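I have placed the structure first, in the form of structure tokens, so that the comments after it can refer back to it.
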Amino acid sequence: MQNFVFHNPTKILFGKNTVPAIGNETALFGKKVLLVYGTGSIKQTDLYERIIESLQKAELTIIEHPGVQSNPVLSHVHQGIALAKKHNCQVVCAVGGGSVLDEAKAICAGSTVEHDVWKFFTGKKSVRNPLPMTSVLTLAASGSEMNSGMVITKEETKQKFGFANRHLHPKTSILDPTVTFSVPADYTAFGAVDAISHVLECYFTTEDPSTPVQDRLMEGLVINSMESCNKVLKNPEDYDARANLMWTATLALNGLTAAGLGKVGFPMHMIEHSLSAFYNVPHGAGLSAIIPGWMRFHAPLAPARFAQFAERVFDIREGNDLEKASRGIEQLCAWFHKVQSPATLSELKIPTNEFDAIAANSMTIAKVWRMQGYDTAKIVAILEDSV
Ligand code: NZQ
Ligand code: ZN
């Protein structure tokens, strides 16, 4: 167990009928709110009206910044910052999935500085006193509701960069599983894949040889993601399954699983962010296409670790470590296909003649993230293992 500091300041209101609290929770931080949301899903139900009603009841003046696209882009962040500055908003309220919450965090960071917000993403500036943010989560996936990270794409350079800063934790996030009933099957599955990937990144990159507490927590989160996703795909309004999936996704990336693991990396995300930047693939779909290849590449380097995963998550008992490891990867691929998420790059129609460009793009992320042990040749080899 390595030394660690675990401090997660985000207050979570979880469960049915928690949405009406958003007004009072947001009014704690100011009287004028920038309301950030996506391209329309919150208006397909009565969620938009309920949010407006709650914010107005709390006597907040509302400035709206709609139109956040999935895989959010820097140009739209700039528009949100300009709006927040023009109207002197004191707090930002995000209603949506990870894309909306991430764009809101970037707006919070950029609204209190004169320089381009992108400088935070390239490590040239660090965040000091961003605007406070509250959120209502509408899709279980990214964990953005309870972490300090965000990912934005600079369109002109096709760079999808992410960073985290302790000042950017949402103050309060509201997680009402009924709000996710309307999430379609594909994004339900992509969200479960994303949550699983957040666990796998830590599980397979920690260098600590003995982490039994974290291992069983992580293995349980992977099993829960798969089991609750299977149930939701059978019945999209299964409250318990939606609740389990939602809380699992939050726990998968709120810092708890990584506490005590020492240094961990996010290599699968590093490569996936290039896929989303180049081809605008849904984040979870890009991950499920990359994960098996990444695991196949690394299993021979740590067979016991991959065998433990196979035993504890898929109950694979026969064979030596390497045989168990590859059967575990096969089972994970089979589950990806079961939930209609791609398990190879060819299913995503990623052109093999662009692997060098994808690898070069991923290396720009590796540089900003100071990730060791990767070069374009290794990334191309992993892409080739993922075809
Ligand atoms: O445009 P809207 O109306 O929001 O529609 C969205 C979007 O089309 C829709 N949707 C969301 N909630 C819904 C709904 N549709 C029906 N009913 C609902 N209740 O679903 C689509 C996808 O939404 P999006 O927010 O893009 O999905 P997700 O939550 O998976 O977020 C993906 C983004 O999160 C980033 C990814 O890079 C990607 O940009 N991540 C953020 C992380 C973080 N902050 O820590 C870590 C993650 O690894 C990830 O990188
Ligand atoms: Zn992710």
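Residue numbering restarts at 1 for every chain of the structure tokens, chains are lettered A, B, ... in their displayed order, and ligands are numbered from 1 as they appear.
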
- prompt: Which chains and residue numbers are within 7 Å of ligand 2, counting only C-alpha atoms and all ligand atoms, if I want them as a VMD selection string?
  reply: chain A and resid 142 194 to 195 197 to 198 269 283 to 284

task: Can you tell me which residues come within 8 Å of ligand 1 when counting only C-alpha atoms and all ligand atoms, ideally as a PyMOL selection string?
output: chain A and resi 37-44+67-72+95-102+137-145+147-152+160+162+164+179-184+187+190-191+194-195+197-198+253+269+273+276+282-284

message: Quick check for you: according to DSSP on this backbone, which residues of range 199-344 of chain A are classed as alpha helix (DSSP H)? Reply as a count of residues only.
response: 102

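Backbone DSSP over range 68-118 of chain A gives strand (DSSP E or B) for Val73, Val91, Val92, Cys93, Ala94, Val95 and Gly96 of chain A.
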
What would the file look like if the residues just selected were written as a PDB file, in the first residue's frame with N, CA and C atoms?
ATOM      1  N   VAL A  73     -15.837  20.597 -27.570  1.00  0.00           N
ATOM      2  CA  VAL A  73     -14.769  21.288 -28.308  1.00  0.00           C
ATOM      3  C   VAL A  73     -14.437  22.650 -27.707  1.00  0.00           C
ATOM      4  N   VAL A  91     -21.607  31.378 -10.732  1.00  0.00           N
ATOM      5  CA  VAL A  91     -21.616  29.916 -10.548  1.00  0.00           C
ATOM      6  C   VAL A  91     -22.074  29.285 -11.865  1.00  0.00           C
ATOM      7  N   VAL A  92     -21.608  28.059 -12.106  1.00  0.00           N
ATOM      8  CA  VAL A  92     -21.978  27.337 -13.337  1.00  0.00           C
ATOM      9  C   VAL A  92     -22.736  26.069 -12.921  1.00  0.00           C
ATOM     10  N   CYS A  93     -23.845  25.823 -13.581  1.00  0.00           N
ATOM     11  CA  CYS A  93     -24.617  24.592 -13.322  1.00  0.00           C
ATOM     12  C   CYS A  93     -24.651  23.766 -14.602  1.00  0.00           C
ATOM     13  N   ALA A  94     -24.160  22.530 -14.523  1.00  0.00           N
ATOM     14  CA  ALA A  94     -24.080  21.653 -15.701  1.00  0.00           C
ATOM     15  C   ALA A  94     -25.145  20.568 -15.593  1.00  0.00           C
ATOM     16  N   VAL A  95     -25.883  20.380 -16.672  1.00  0.00           N
ATOM     17  CA  VAL A  95     -26.912  19.329 -16.679  1.00  0.00           C
ATOM     18  C   VAL A  95     -26.698  18.460 -17.914  1.00  0.00           C
ATOM     19  N   GLY A  96     -26.132  17.266 -17.684  1.00  0.00           N
ATOM     20  CA  GLY A  96     -25.851  16.402 -18.834  1.00  0.00           C
ATOM     21  C   GLY A  96     -24.925  15.271 -18.455  1.00  0.00           C
TER      22      GLY A  96
END

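Among A:Ile350, A:Ala285, A:Leu345, A:Pro292, the residue with the shortest atom-to-atom distance to Glu330 in chain A, counting only C-alpha atoms, is A:Pro292.
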